[in-house]
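I have placed the structure first, in the form of structure tokens, so that the comments after it can refer back to it.
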Amino acid sequence: MLRVAVFGATGRMGSTVCSAVTGDADLELVAAVDPHHAGLDLRPVTGVDADLRILPAAEALDPADVDVVVDFTATAAARENLRWCAEQGVHAVVGTTGLTGEDLDELRRTFTTSNCLVAPNFAIGAVMMMRLAELAAPWFTSVEVIELHHEAKVDAPSGTSLLLVQRLAEASGEWDPDPTTSEVAPGARGAEGPGAIRIHSVRLRGMVAHHEVVFGTTGQSLTIRHDSYDRSSFMPGVLLAVKSIPDRPGLTVGLDALLDL
Ligand code: NAP
């Protein structure tokens, strides 16, 4: 039985993870960390069926009592939490987005006695979207990415769109140059990601997490789209990561490695 602590336990993702962990016979939810609800009982705050008092910070945990930390917080908080996990030799599964290449380098350096998996998207369909987009990339001359999220998402563009664009840039270096010579409204062409590929971020009430990659070439286009309609879409991937992380030394980025794609 793996003992799991969830950081960001009262958040949208964290509370869904707490429920998923308590519903899995191979896992035990041993701690819930969330500073602004510290001291309260988890059950009335989140509806999660576990008799736990919410802790204020990683430091309130005894590392000997935890096998895996799952972090769905915010970028700056995740950096601190992961430092603690690496120092204490606790495995980490990270869904928090906004971590940079330098952050990943630091995780590679610091996770020496325990393991860490960072995945910007735990939905199996989103992982498939990225793989299919990589296969299509060499056959098209232009590509743009549109990501749509709920109205409360604070970072932009999404971690998934950044990873997607990184992989598109690695799959093909032969994209048409941007024809724009006059951007009448600043930002109209979106953000420029790796390989000068454009990313457009949409924030709308009612959305959860949606990604669209649109390829073009002479006389045709191809659109590959993935939609997460509900946060439950991420849970099979999160649970798979939690169960796999003890056997994956060092840093793993993305869920692909666990799906044998
Ligand atoms: P959210 O509802 O704002 O939840 C974040 C929670 O973390 C909040 O309850 C927040 O508390 C808490 N928190 C802040 N600092 C903390 C700390 N130091 N220790 C523990 N908890 C802390 O956000 P969300 O929608 O759940 O998203 C969380 C993250 O997951 C975001 O980065 C989002 O982009 C990402 N995400 C990833 C995936 C994926 O598949 N990888 C899917 C969806 C979302 P306060 O609100 O009181 O500050």
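Just remember, in the structure tokens the first chain shown is A, the second B, etc., residues are 1-based per chain, and ligands are 1-based in the order shown.
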
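If you count only C-alpha atoms and ignore residues fewer than 3 places along the chain from range 52-56 of chain A, what sits within 8 Å of it is Val30, Ala31, Ala32, Val33, Asp34, Pro35, His36, His37, Ala38, Gly39, Leu40, Asp41, Leu42, Arg43, Ala60 and Leu61 of chain A.
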
File of the preceding selection, C-alpha atoms, as a short mmCIF file (atom, residue, chain, number, x, y, z; two decimals), in the first residue's frame:
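Result file follows (again_7.cif):
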```cif
data_model
loop_
_atom_site.label_atom_id
_atom_site.label_comp_id
_atom_site.auth_asym_id
_atom_site.auth_seq_id
_atom_site.Cartn_x
_atom_site.Cartn_y
_atom_site.Cartn_z
CA VAL A 30 -2.16 9.94 4.66
CA ALA A 31 -1.96 13.74 4.44
CA ALA A 32 -3.57 16.77 2.84
CA VAL A 33 -1.57 20.02 2.67
CA ASP A 34 -3.08 23.42 1.86
CA PRO A 35 -1.97 26.53 3.80
CA HIS A 36 -5.16 28.59 3.66
CA HIS A 37 -7.29 25.76 5.06
CA ALA A 38 -4.74 24.50 7.59
CA GLY A 39 -6.22 23.06 10.77
CA LEU A 40 -9.62 22.31 9.23
CA ASP A 41 -11.00 18.81 8.65
CA LEU A 42 -10.61 17.66 5.05
CA ARG A 43 -14.06 16.02 4.89
CA ALA A 60 4.44 19.71 9.02
CA LEU A 61 4.83 16.23 7.51
#
```

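For range 248-251 of chain A, the non-local neighbours within 6 Å, defined as residues at least 3 positions apart in the same chain or in other chains and counting only C-alpha atoms, are Arg108, Phe111, Asn115, Cys116, Leu117 and Ile245 of chain A.
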
Subject >> Shell of 12 Å around Leu135 in chain A, only C-alpha atoms, local chain residues under 6 positions omitted, as a list in words >> reply: Met128, Met129, Arg167, Leu168, Glu170, Ala171, Ser172, Phe215 and Ile224 of chain A

**OP:** Name the residues, by chain letter and number, that sit within 7 Å of ligand 1 using only C-alpha atoms and all ligand atoms, and give them as a PyMOL selection string.
**Re:** chain A and resi 7-14+33-37+57+72-75+77-78+81+95-98+119-123+153+155+158+231+234

**OP:** as JSON, numbers by chain, please: all residues of range 25-209 of chain A that backbone DSSP puts in alpha helix (DSSP H).
**Re:** {"A": [42, 43, 44, 45, 46, 75, 76, 77, 78, 79, 80, 81, 82, 83, 84, 85, 86, 87, 88, 101, 102, 103, 104, 105, 106, 107, 108, 109, 110, 124, 125, 126, 127, 128, 129, 130, 131, 132, 133, 134, 135, 136, 159, 160, 161, 162, 163, 164, 165, 166, 167, 168, 169, 170, 171]}

Original post:
Quick one: distance from CA of Ala64 in chain A to CA of Asp247 in chain A in Å, one decimal?
Top reply: 18.2 Å
